[in-house]
file structure.pdb (PDB, C-alpha atoms and all ligand atoms)
ATOM      1  CA  MET A   1     -92.508  70.201 -58.672
ATOM      2  CA  ASN A   2     -89.715  67.697 -58.294
ATOM      3  CA  LEU A   3     -86.442  69.021 -59.729
ATOM      4  CA  MET A   4     -85.957  65.852 -61.764
ATOM      5  CA  ASP A   5     -89.215  66.462 -63.617
ATOM      6  CA  GLN A   6     -88.062  69.944 -64.537
ATOM      7  CA  THR A   7     -84.756  68.623 -65.842
ATOM      8  CA  PHE A   8     -86.375  65.965 -68.015
ATOM      9  CA  ALA A   9     -88.995  68.420 -69.280
ATOM     10  CA  GLN A  10     -86.334  70.931 -70.255
ATOM     11  CA  LEU A  11     -84.222  68.291 -72.017
ATOM     12  CA  ARG A  12     -87.257  66.978 -73.841
ATOM     13  CA  LYS A  13     -87.857  70.487 -75.189
ATOM     14  CA  GLU A  14     -84.268  70.618 -76.384
ATOM     15  CA  GLY A  15     -84.559  67.153 -77.900
ATOM     16  CA  LYS A  16     -81.737  65.829 -75.741
ATOM     17  CA  ALA A  17     -81.245  62.806 -73.532
ATOM     18  CA  ALA A  18     -80.032  63.209 -69.961
ATOM     19  CA  LEU A  19     -76.494  62.149 -69.207
ATOM     20  CA  MET A  20     -76.700  60.364 -65.871
ATOM     21  CA  PRO A  21     -73.421  59.363 -64.232
ATOM     22  CA  PHE A  22     -73.346  56.967 -61.302
ATOM     23  CA  ILE A  23     -70.652  57.487 -58.703
ATOM     24  CA  THR A  24     -70.018  55.764 -55.399
ATOM     25  CA  VAL A  25     -70.014  58.096 -52.409
ATOM     26  CA  GLY A  26     -66.757  58.068 -50.466
ATOM     27  CA  ASP A  27     -64.607  56.790 -53.313
ATOM     28  CA  PRO A  28     -61.874  57.675 -52.597
ATOM     29  CA  ASP A  29     -63.225  59.874 -49.752
ATOM     30  CA  VAL A  30     -66.204  62.091 -49.036
ATOM     31  CA  GLU A  31     -64.486  65.378 -49.765
ATOM     32  CA  THR A  32     -63.303  64.167 -53.153
ATOM     33  CA  THR A  33     -66.797  62.906 -53.953
ATOM     34  CA  LEU A  34     -68.049  66.475 -53.609
ATOM     35  CA  GLU A  35     -65.300  67.682 -55.924
ATOM     36  CA  ILE A  36     -66.064  64.944 -58.441
ATOM     37  CA  LEU A  37     -69.733  65.947 -58.363
ATOM     38  CA  ARG A  38     -68.774  69.465 -59.331
ATOM     39  CA  GLU A  39     -66.585  68.204 -62.206
ATOM     40  CA  VAL A  40     -69.311  65.907 -63.434
ATOM     41  CA  GLU A  41     -71.802  68.772 -63.492
ATOM     42  CA  LEU A  42     -69.332  71.012 -65.319
ATOM     43  CA  ALA A  43     -68.841  68.220 -67.842
ATOM     44  CA  GLY A  44     -72.523  68.414 -68.730
ATOM     45  CA  ALA A  45     -74.127  65.721 -66.600
ATOM     46  CA  ASN A  46     -77.837  66.353 -66.081
ATOM     47  CA  ILE A  47     -78.762  64.019 -63.232
ATOM     48  CA  VAL A  48     -76.422  62.136 -60.932
ATOM     49  CA  GLU A  49     -76.890  58.766 -59.261
ATOM     50  CA  LEU A  50     -75.177  58.761 -55.879
ATOM     51  CA  GLY A  51     -74.343  55.200 -54.930
ATOM     52  CA  VAL A  52     -74.387  54.141 -51.292
ATOM     53  CA  PRO A  53     -71.444  51.754 -50.757
ATOM     54  CA  TYR A  54     -72.599  48.378 -49.586
ATOM     55  CA  SER A  55     -70.763  45.248 -48.548
ATOM     56  CA  ASP A  56     -73.082  42.782 -50.258
ATOM     57  CA  PRO A  57     -73.955  44.408 -53.565
ATOM     58  CA  LEU A  58     -75.862  41.742 -55.490
ATOM     59  CA  ALA A  59     -75.981  43.458 -58.844
ATOM     60  CA  ASP A  60     -72.665  45.312 -58.834
ATOM     61  CA  GLY A  61     -69.799  44.231 -61.032
ATOM     62  CA  PRO A  62     -66.145  44.298 -59.964
ATOM     63  CA  VAL A  63     -65.507  47.987 -60.697
ATOM     64  CA  ILE A  64     -68.311  49.269 -58.493
ATOM     65  CA  GLN A  65     -67.573  46.624 -55.865
ATOM     66  CA  ARG A  66     -64.012  47.913 -55.595
ATOM     67  CA  ALA A  67     -65.320  51.479 -55.269
ATOM     68  CA  SER A  68     -67.607  50.318 -52.446
ATOM     69  CA  GLU A  69     -64.712  48.629 -50.703
ATOM     70  CA  ARG A  70     -62.628  51.803 -50.874
ATOM     71  CA  ALA A  71     -65.502  53.861 -49.519
ATOM     72  CA  LEU A  72     -66.259  51.413 -46.733
ATOM     73  CA  THR A  73     -62.725  51.736 -45.379
ATOM     74  CA  HIS A  74     -63.797  55.275 -44.389
ATOM     75  CA  HIS A  75     -66.997  53.951 -42.805
ATOM     76  CA  VAL A  76     -69.247  55.717 -45.255
ATOM     77  CA  THR A  77     -72.846  54.959 -44.284
ATOM     78  CA  ILE A  78     -76.164  55.721 -45.925
ATOM     79  CA  GLU A  79     -76.461  58.763 -43.676
ATOM     80  CA  THR A  80     -73.058  59.980 -44.874
ATOM     81  CA  CYS A  81     -74.335  59.680 -48.442
ATOM     82  CA  ILE A  82     -77.470  61.675 -47.731
ATOM     83  CA  GLU A  83     -75.311  64.288 -46.036
ATOM     84  CA  VAL A  84     -73.100  64.463 -49.147
ATOM     85  CA  ALA A  85     -76.211  65.169 -51.214
ATOM     86  CA  ARG A  86     -77.140  67.979 -48.829
ATOM     87  CA  LEU A  87     -73.622  69.426 -48.947
ATOM     88  CA  ALA A  88     -73.642  69.234 -52.738
ATOM     89  CA  ARG A  89     -76.866  71.235 -52.809
ATOM     90  CA  ASP A  90     -75.518  73.757 -50.308
ATOM     91  CA  SER A  91     -72.377  74.204 -52.340
ATOM     92  CA  GLY A  92     -74.358  75.126 -55.429
ATOM     93  CA  ILE A  93     -74.592  71.873 -57.364
ATOM     94  CA  GLN A  94     -77.830  72.078 -59.278
ATOM     95  CA  MET A  95     -78.354  68.779 -61.040
ATOM     96  CA  PRO A  96     -80.982  66.543 -59.460
ATOM     97  CA  ILE A  97     -79.600  63.794 -57.250
ATOM     98  CA  VAL A  98     -80.876  60.237 -57.206
ATOM     99  CA  LEU A  99     -79.832  58.159 -54.227
ATOM    100  CA  PHE A 100     -78.997  54.615 -55.221
ATOM    101  CA  THR A 101     -79.055  52.183 -52.324
ATOM    102  CA  TYR A 102     -79.748  48.590 -51.487
ATOM    103  CA  PHE A 103     -82.705  48.037 -49.208
ATOM    104  CA  ASN A 104     -80.980  46.922 -46.028
ATOM    105  CA  PRO A 105     -79.389  50.278 -45.155
ATOM    106  CA  VAL A 106     -82.819  51.909 -45.569
ATOM    107  CA  LEU A 107     -84.372  49.375 -43.209
ATOM    108  CA  GLN A 108     -81.631  49.932 -40.684
ATOM    109  CA  THR A 109     -82.057  53.692 -40.740
ATOM    110  CA  GLY A 110     -85.775  53.311 -40.178
ATOM    111  CA  PHE A 111     -88.254  54.546 -42.758
ATOM    112  CA  GLU A 112     -89.281  57.654 -40.885
ATOM    113  CA  ARG A 113     -85.765  58.937 -40.282
ATOM    114  CA  PHE A 114     -84.615  57.929 -43.745
ATOM    115  CA  PHE A 115     -87.302  59.890 -45.550
ATOM    116  CA  GLN A 116     -86.893  62.911 -43.287
ATOM    117  CA  LEU A 117     -83.186  63.042 -44.093
ATOM    118  CA  VAL A 118     -83.710  62.440 -47.803
ATOM    119  CA  GLN A 119     -86.261  65.213 -48.054
ATOM    120  CA  LYS A 120     -84.143  67.667 -46.089
ATOM    121  CA  ALA A 121     -81.161  66.925 -48.322
ATOM    122  CA  GLY A 122     -83.147  67.845 -51.424
ATOM    123  CA  ILE A 123     -82.748  64.420 -53.018
ATOM    124  CA  SER A 124     -85.025  64.028 -56.032
ATOM    125  CA  GLY A 125     -85.143  60.301 -56.565
ATOM    126  CA  LEU A 126     -84.491  56.940 -55.058
ATOM    127  CA  ILE A 127     -83.436  53.656 -56.642
ATOM    128  CA  ILE A 128     -83.516  50.513 -54.523
ATOM    129  CA  PRO A 129     -82.677  47.582 -56.806
ATOM    130  CA  ASP A 130     -83.518  44.882 -54.270
ATOM    131  CA  LEU A 131     -86.656  46.429 -52.787
ATOM    132  CA  PRO A 132     -88.957  43.496 -52.096
ATOM    133  CA  TYR A 133     -92.294  43.819 -53.783
ATOM    134  CA  GLU A 134     -94.143  43.427 -50.457
ATOM    135  CA  GLU A 135     -92.401  46.488 -49.042
ATOM    136  CA  SER A 136     -92.647  48.645 -52.130
ATOM    137  CA  GLU A 137     -96.192  49.862 -51.498
ATOM    138  CA  GLU A 138     -95.278  51.407 -48.164
ATOM    139  CA  ILE A 139     -92.024  52.883 -49.467
ATOM    140  CA  LEU A 140     -93.803  54.342 -52.486
ATOM    141  CA  HIS A 141     -96.298  56.049 -50.222
ATOM    142  CA  LEU A 142     -93.586  57.483 -47.943
ATOM    143  CA  ALA A 143     -91.551  58.604 -50.952
ATOM    144  CA  ASP A 144     -94.544  60.408 -52.425
ATOM    145  CA  GLU A 145     -95.079  62.201 -49.135
ATOM    146  CA  ALA A 146     -91.445  63.278 -49.121
ATOM    147  CA  ASN A 147     -91.627  64.439 -52.765
ATOM    148  CA  VAL A 148     -88.973  61.914 -53.774
ATOM    149  CA  HIS A 149     -89.495  59.756 -56.850
ATOM    150  CA  LEU A 150     -89.165  56.032 -56.349
ATOM    151  CA  VAL A 151     -87.669  54.977 -59.672
ATOM    152  CA  PRO A 152     -88.193  51.362 -60.736
ATOM    153  CA  LEU A 153     -85.778  49.151 -62.629
ATOM    154  CA  VAL A 154     -87.103  47.018 -65.436
ATOM    155  CA  ALA A 155     -85.128  44.309 -67.184
ATOM    156  CA  PRO A 156     -85.711  42.489 -70.468
ATOM    157  CA  THR A 157     -86.842  39.544 -68.334
ATOM    158  CA  SER A 158     -89.500  41.539 -66.461
ATOM    159  CA  ASN A 159     -92.010  40.573 -69.206
ATOM    160  CA  GLU A 160     -95.613  40.727 -67.999
ATOM    161  CA  ARG A 161     -94.490  42.551 -64.856
ATOM    162  CA  ILE A 162     -93.325  45.518 -66.947
ATOM    163  CA  HIS A 163     -96.819  46.888 -67.261
ATOM    164  CA  ARG A 164     -97.453  46.633 -63.531
ATOM    165  CA  ILE A 165     -94.089  48.180 -62.658
ATOM    166  CA  VAL A 166     -94.451  51.024 -65.131
ATOM    167  CA  SER A 167     -97.972  51.862 -63.993
ATOM    168  CA  ARG A 168     -96.729  52.930 -60.576
ATOM    169  CA  ALA A 169     -93.380  54.349 -61.567
ATOM    170  CA  ARG A 170     -92.340  57.833 -60.562
ATOM    171  CA  GLY A 171     -89.735  60.165 -62.072
ATOM    172  CA  PHE A 172     -88.421  57.921 -64.797
ATOM    173  CA  ILE A 173     -88.095  54.272 -65.665
ATOM    174  CA  TYR A 174     -84.672  52.707 -65.513
ATOM    175  CA  CYS A 175     -84.292  50.029 -68.181
ATOM    176  CA  VAL A 176     -81.505  47.618 -67.434
ATOM    177  CA  SER A 177     -79.890  46.841 -70.779
ATOM    178  CA  SER A 178     -78.533  43.448 -69.893
ATOM    179  CA  LEU A 179     -78.767  40.711 -67.327
ATOM    180  CA  GLY A 180     -76.040  40.008 -64.831
ATOM    181  CA  VAL A 181     -74.004  42.638 -63.047
ATOM    182  CA  THR A 182     -72.989  46.208 -63.808
ATOM    183  CA  GLY A 183     -69.905  46.797 -65.910
ATOM    184  CA  GLU A 184     -68.749  47.971 -69.284
ATOM    185  CA  ARG A 185     -69.760  45.856 -72.262
ATOM    186  CA  ALA A 186     -68.428  45.778 -75.779
ATOM    187  CA  SER A 187     -71.853  45.011 -77.215
ATOM    188  CA  PHE A 188     -75.452  44.568 -76.179
ATOM    189  CA  ALA A 189     -77.827  41.667 -76.532
ATOM    190  CA  GLN A 190     -80.057  41.710 -79.548
ATOM    191  CA  GLY A 191     -83.485  42.996 -78.750
ATOM    192  CA  VAL A 192     -82.402  45.594 -76.182
ATOM    193  CA  ASP A 193     -83.520  48.480 -78.367
ATOM    194  CA  ASP A 194     -86.912  46.862 -78.943
ATOM    195  CA  PHE A 195     -87.300  46.168 -75.251
ATOM    196  CA  ILE A 196     -86.661  49.840 -74.423
ATOM    197  CA  LYS A 197     -88.986  50.999 -77.174
ATOM    198  CA  THR A 198     -91.724  48.734 -75.800
ATOM    199  CA  VAL A 199     -91.283  50.254 -72.358
ATOM    200  CA  LYS A 200     -91.443  53.734 -73.886
ATOM    201  CA  GLU A 201     -94.686  52.958 -75.662
ATOM    202  CA  GLY A 202     -96.288  52.035 -72.354
ATOM    203  CA  THR A 203     -95.527  55.258 -70.479
ATOM    204  CA  ASP A 204     -95.323  59.032 -70.675
ATOM    205  CA  LEU A 205     -92.528  59.071 -68.131
ATOM    206  CA  PRO A 206     -88.948  59.475 -69.312
ATOM    207  CA  VAL A 207     -87.170  56.192 -69.959
ATOM    208  CA  ALA A 208     -83.467  55.854 -69.185
ATOM    209  CA  VAL A 209     -81.126  53.000 -69.947
ATOM    210  CA  GLY A 210     -78.110  51.755 -68.039
ATOM    211  CA  PHE A 211     -75.779  48.764 -67.576
ATOM    212  CA  GLY A 212     -72.759  48.411 -69.757
ATOM    213  CA  ILE A 213     -72.610  51.825 -71.404
ATOM    214  CA  SER A 214     -69.058  53.080 -71.481
ATOM    215  CA  SER A 215     -68.336  54.901 -74.723
ATOM    216  CA  ARG A 216     -69.550  57.969 -76.539
ATOM    217  CA  GLU A 217     -70.751  55.798 -79.424
ATOM    218  CA  GLN A 218     -72.876  53.663 -77.127
ATOM    219  CA  ALA A 219     -74.260  56.739 -75.351
ATOM    220  CA  GLN A 220     -75.069  58.287 -78.708
ATOM    221  CA  HIS A 221     -76.853  55.173 -79.894
ATOM    222  CA  PHE A 222     -79.163  55.037 -76.867
ATOM    223  CA  ALA A 223     -79.642  58.813 -76.706
ATOM    224  CA  GLU A 224     -81.463  58.616 -80.026
ATOM    225  CA  PHE A 225     -84.469  56.896 -78.529
ATOM    226  CA  CYS A 226     -84.024  57.109 -74.737
ATOM    227  CA  ASP A 227     -84.573  60.063 -72.428
ATOM    228  CA  GLY A 228     -81.552  59.267 -70.300
ATOM    229  CA  VAL A 229     -78.321  57.327 -70.428
ATOM    230  CA  VAL A 230     -76.726  56.055 -67.207
ATOM    231  CA  VAL A 231     -72.972  55.477 -67.105
ATOM    232  CA  GLY A 232     -71.574  53.903 -63.945
ATOM    233  CA  SER A 233     -68.622  51.532 -64.115
ATOM    234  CA  ALA A 234     -66.817  53.392 -66.911
ATOM    235  CA  ILE A 235     -66.752  56.582 -64.825
ATOM    236  CA  VAL A 236     -65.979  54.758 -61.587
ATOM    237  CA  ARG A 237     -63.075  53.098 -63.417
ATOM    238  CA  LYS A 238     -61.813  56.537 -64.464
ATOM    239  CA  ILE A 239     -61.920  57.608 -60.833
ATOM    240  CA  GLU A 240     -59.987  54.486 -59.909
ATOM    241  CA  GLU A 241     -57.367  55.223 -62.547
ATOM    242  CA  ALA A 242     -57.067  58.788 -61.275
ATOM    243  CA  LEU A 243     -56.593  57.706 -57.645
ATOM    244  CA  PRO A 244     -52.835  58.268 -57.541
ATOM    245  CA  LEU A 245     -53.417  61.824 -58.787
ATOM    246  CA  LEU A 246     -56.402  62.451 -56.523
ATOM    247  CA  GLN A 247     -54.530  61.398 -53.434
ATOM    248  CA  SER A 248     -51.902  64.115 -53.562
ATOM    249  CA  GLU A 249     -52.758  67.800 -53.250
ATOM    250  CA  ALA A 250     -50.171  68.653 -55.902
ATOM    251  CA  THR A 251     -51.879  66.564 -58.578
ATOM    252  CA  LYS A 252     -55.510  66.500 -57.434
ATOM    253  CA  GLU A 253     -56.647  69.111 -59.974
ATOM    254  CA  GLN A 254     -55.158  67.065 -62.764
ATOM    255  CA  GLY A 255     -56.989  63.948 -61.600
ATOM    256  CA  LEU A 256     -60.285  65.816 -61.381
ATOM    257  CA  LEU A 257     -59.764  67.184 -64.869
ATOM    258  CA  GLN A 258     -59.254  63.697 -66.285
ATOM    259  CA  ILE A 259     -62.601  62.669 -64.847
ATOM    260  CA  ARG A 260     -64.297  65.785 -66.178
ATOM    261  CA  ASP A 261     -62.873  65.240 -69.671
ATOM    262  CA  PHE A 262     -64.074  61.661 -69.733
ATOM    263  CA  VAL A 263     -67.615  62.595 -68.714
ATOM    264  CA  ALA A 264     -67.663  65.520 -71.188
ATOM    265  CA  LYS A 265     -66.939  63.084 -74.013
ATOM    266  CA  LEU A 266     -70.039  61.097 -73.110
ATOM    267  CA  ARG A 267     -72.228  64.181 -73.458
ATOM    268  CA  VAL A 268     -73.900  63.809 -76.850
TER     269      VAL A 268
HETATM  270  O1  LIG B 301     -71.960  50.357 -64.222
HETATM  271  P1  LIG B 301     -72.781  50.382 -65.460
HETATM  272  O2  LIG B 301     -72.652  49.113 -66.220
HETATM  273  O3  LIG B 301     -72.551  51.615 -66.255
HETATM  274  O4  LIG B 301     -74.328  50.359 -64.994
HETATM  275  C1  LIG B 301     -74.980  51.444 -64.300
HETATM  276  C2  LIG B 301     -74.832  51.380 -62.865
HETATM  277  O5  LIG B 301     -73.542  51.302 -62.429
HETATM  278  C3  LIG B 301     -75.737  51.897 -61.792
HETATM  279  O6  LIG B 301     -76.948  52.355 -62.218
HETATM  280  C4  LIG B 301     -75.838  50.758 -60.806
HETATM  281  C5  LIG B 301     -74.980  50.531 -59.805
HETATM  282  N1  LIG B 301     -75.359  49.415 -59.095
HETATM  283  C6  LIG B 301     -76.487  48.904 -59.666
HETATM  284  C7  LIG B 301     -77.258  47.780 -59.303
HETATM  285  C8  LIG B 301     -78.372  47.491 -60.077
HETATM  286  C9  LIG B 301     -78.741  48.297 -61.153
HETATM  287  C10 LIG B 301     -77.968  49.444 -61.509
HETATM  288  C11 LIG B 301     -76.840  49.734 -60.771
END
call {"tool": "encode", "arguments": {"input": "structure.pdb", "output": "structure tokens"}}
result
Amino acid sequence: MNLMDQTFAQLRKEGKAALMPFITVGDPDVETTLEILREVELAGANIVELGVPYSDPLADGPVIQRASERALTHHVTIETCIEVARLARDSGIQMPIVLFTYFNPVLQTGFERFFQLVQKAGISGLIIPDLPYEESEEILHLADEANVHLVPLVAPTSNERIHRIVSRARGFIYCVSSLGVTGERASFAQGVDDFIKTVKEGTDLPVAVGFGISSREQAQHFAEFCDGVVVGSAIVRKIEEALPLLQSEATKEQGLLQIRDFVAKLRV
């Protein structure tokens, strides 16, 4: 069984939603990413999205773009990110890991090598926001063979496509709360809750929501009817704010603690 399925099943029994942080690998550096992963798990995160930094991130807002830029100065590649997942596993991190990457780095790695590495690293899921529909059949097949869930994104504008997308989803369904790019939002468009509830009615798979969630109140609101809540930019911003602390050995612990405290507050 895929580890992600076990996590969602356990949380469902407890009547809880998964807290799912997104962090960019290599921000500020690979070693610190591993430390942040540990803090995030200690804070109560249930599943983590590991973001592959990319130079042309279509759907990323400014906060995650800046994180990518910082990571890319250390030449962090998709293979580095997969290796970080493997190291996280080896160092005892237990939460399931979802690799979040644009399609081009996957293409460049080559499907065969990519899925071999992903499987060996113990990665549970894969999100590729710009995966072209024509390629998705082949990727889905390879992912199934590697026991990795290819998680689809659905947006309020997906309309009639929702049914088709949901019918071949694996792991969970990621509902994008809003259009545009990632980033914290003070409020959500009307109809978001109904959109998510409609998706939920059409599937037995867990349904998670992301895009714009940055506060405990917002997380709490969505946790009432979603199986998972993704928080990206708000956490990545915390990491950015903690950079001066993280960059000196004398204050690193303090920086890590700030990140842990922030994530712990999102745990509802
Ligand atoms: O940053 P936010 O607004 O909390 O949104 C989640 C998010 O960062 C993560 O899931 C994500 C990062 N890049 C994306 C591109 C498309 C969809 C989702 C994402």
call {"tool": "closest_residue", "arguments": {"input": "structure.pdb", "among": "A:Gly232, A:Gly255, A:Gly180, A:Pro156", "to": "Lys197 in chain A", "atoms": "all atoms listed in the file"}}
result
A:Pro156
call {"tool": "resolve_selection", "arguments": {"input": "structure.pdb", "expression": "the PyMOL selection byres (((chain A and resi 206) around 6) and not hetatm)", "output": "list in words"}}
result
Phe172, Leu205, Val207 and Asp227 of chain A
call {"tool": "closest_residue", "arguments": {"input": "structure.pdb", "among": "A:Pro21, A:Pro62, A:Gly110, A:Leu142", "to": "Ile213 in chain A", "atoms": "all atoms listed in the file"}}
result
A:Pro21
call {"tool": "closest_residue", "arguments": {"input": "structure.pdb", "among": "A:Ala208, A:Val154, A:Leu245, A:Ile128", "to": "Phe8 in chain A", "atoms": "only C-alpha atoms"}}
result
A:Ala208
call {"tool": "residues_near_point", "arguments": {"input": "structure.pdb", "point": "(-69.1, 63.6, -76.0)", "cutoff": "10 Å", "atoms": "all atoms listed in the file", "output": "PyMOL selection string"}}
result
chain A and resi 43-44+215-217+219-220+261-268
call {"tool": "atom_distance", "arguments": {"input": "structure.pdb", "atom1": "CA of Leu72 in chain A", "atom2": "CA of His149 in chain A"}}
result
26.7 Å
call {"tool": "atom_distance", "arguments": {"input": "structure.pdb", "atom1": "CA of Thr109 in chain A", "atom2": "CA of Ile78 in chain A"}}
result
8.1 Å
call {"tool": "axis_aligned_box", "arguments": {"input": "structure.pdb", "around": "range 89-92 of chain A", "padding_each_side": "6 Å", "output": "AutoDock Vina command-line options"}}
result
--center_x -74.6 --center_y 73.2 --center_z -52.9 --size_x 16.5 --size_y 15.9 --size_z 17.1
call {"tool": "atom_distance", "arguments": {"input": "structure.pdb", "atom1": "CA of Ile36 in chain A", "atom2": "CA of Ile173 in chain A"}}
result
25.5 Å
call {"tool": "residues_near_ligand", "arguments": {"input": "structure.pdb", "ligand": "ligand LIG 301 (chain B)", "cutoff": "8 Å", "atoms": "only C-alpha atoms and all ligand atoms", "output": "ChimeraX atom specification"}}
result
/A:22-23,49,51,57-61,63-64,100,129,153,176,181-185,210-214,230-236
call {"tool": "write_last_selection", "arguments": {"input": "structure.pdb", "atoms": "C-alpha atoms", "output": "tab-separated table (two decimals), in the coordinates of the input"}}
result
chain	number	residue	atom	x	y	z
A	22	PHE	CA	-73.35	56.97	-61.30
A	23	ILE	CA	-70.65	57.49	-58.70
A	49	GLU	CA	-76.89	58.77	-59.26
A	51	GLY	CA	-74.34	55.20	-54.93
A	57	PRO	CA	-73.96	44.41	-53.56
A	58	LEU	CA	-75.86	41.74	-55.49
A	59	ALA	CA	-75.98	43.46	-58.84
A	60	ASP	CA	-72.67	45.31	-58.83
A	61	GLY	CA	-69.80	44.23	-61.03
A	63	VAL	CA	-65.51	47.99	-60.70
A	64	ILE	CA	-68.31	49.27	-58.49
A	100	PHE	CA	-79.00	54.62	-55.22
A	129	PRO	CA	-82.68	47.58	-56.81
A	153	LEU	CA	-85.78	49.15	-62.63
A	176	VAL	CA	-81.50	47.62	-67.43
A	181	VAL	CA	-74.00	42.64	-63.05
A	182	THR	CA	-72.99	46.21	-63.81
A	183	GLY	CA	-69.90	46.80	-65.91
A	184	GLU	CA	-68.75	47.97	-69.28
A	185	ARG	CA	-69.76	45.86	-72.26
A	210	GLY	CA	-78.11	51.76	-68.04
A	211	PHE	CA	-75.78	48.76	-67.58
A	212	GLY	CA	-72.76	48.41	-69.76
A	213	ILE	CA	-72.61	51.82	-71.40
A	214	SER	CA	-69.06	53.08	-71.48
A	230	VAL	CA	-76.73	56.06	-67.21
A	231	VAL	CA	-72.97	55.48	-67.10
A	232	GLY	CA	-71.57	53.90	-63.94
A	233	SER	CA	-68.62	51.53	-64.11
A	234	ALA	CA	-66.82	53.39	-66.91
A	235	ILE	CA	-66.75	56.58	-64.82
A	236	VAL	CA	-65.98	54.76	-61.59
call {"tool": "resolve_selection", "arguments": {"input": "structure.pdb", "expression": "the PyMOL selection byres (((chain A and resi 124) around 8) and not hetatm)", "output": "list in words"}}
result
Asn2, Leu3, Met4, Pro96, Ile97, Val98, Gly122, Ile123, Gly125, Leu126, Asn147, Val148 and His149 of chain A
call {"tool": "resolve_selection", "arguments": {"input": "structure.pdb", "expression": "the PyMOL selection byres (((chain A and resi 24) around 7) and not hetatm)", "output": "PyMOL selection string"}}
result
chain A and resi 22-23+25-27+50-53+67-68
call {"tool": "decode", "arguments": {"input": "structure.pdb", "residues": "range 155-196 of chain A", "atoms": "C-alpha atoms", "output": "short mmCIF file (atom, residue, chain, number, x, y, z; two decimals), in the first residue's frame"}}
result
data_model
loop_
_atom_site.label_atom_id
_atom_site.label_comp_id
_atom_site.auth_asym_id
_atom_site.auth_seq_id
_atom_site.Cartn_x
_atom_site.Cartn_y
_atom_site.Cartn_z
CA ALA A 155 -9.68 24.32 -10.57
CA PRO A 156 -13.10 25.97 -10.36
CA THR A 157 -12.80 26.50 -14.12
CA SER A 158 -12.21 22.81 -14.89
CA ASN A 159 -16.02 22.38 -15.21
CA GLU A 160 -16.97 19.39 -17.36
CA ARG A 161 -13.37 18.17 -17.26
CA ILE A 162 -13.61 17.63 -13.49
CA HIS A 163 -15.39 14.34 -13.90
CA ARG A 164 -12.83 13.05 -16.38
CA ILE A 165 -9.90 14.22 -14.25
CA VAL A 166 -11.31 12.78 -11.05
CA SER A 167 -12.09 9.42 -12.63
CA ARG A 168 -8.41 8.70 -13.17
CA ALA A 169 -7.00 10.43 -10.13
CA ARG A 170 -4.71 8.64 -7.72
CA GLY A 171 -3.88 9.39 -4.08
CA PHE A 172 -5.94 12.51 -3.62
CA ILE A 173 -7.43 15.34 -5.61
CA TYR A 174 -5.87 18.76 -5.29
CA CYS A 175 -8.50 21.48 -5.58
CA VAL A 176 -7.04 24.83 -6.47
CA SER A 177 -9.04 27.38 -4.49
CA SER A 178 -8.50 30.31 -6.79
CA LEU A 179 -7.31 31.23 -10.23
CA GLY A 180 -4.03 32.96 -10.87
CA VAL A 181 -0.80 32.23 -9.05
CA THR A 182 0.09 30.84 -5.64
CA GLY A 183 0.24 33.22 -2.71
CA GLU A 184 -1.51 34.19 0.47
CA ARG A 185 -4.99 35.64 0.12
CA ALA A 186 -7.10 37.58 2.56
CA SER A 187 -10.30 36.02 1.27
CA PHE A 188 -11.54 33.46 -1.21
CA ALA A 189 -13.88 33.75 -4.15
CA GLN A 190 -17.49 32.94 -3.48
CA GLY A 191 -18.36 29.44 -4.52
CA VAL A 192 -15.04 27.84 -3.57
CA ASP A 193 -16.62 25.76 -0.83
CA ASP A 194 -19.34 24.55 -3.18
CA PHE A 195 -16.80 23.73 -5.85
CA ILE A 196 -14.81 21.59 -3.40
#
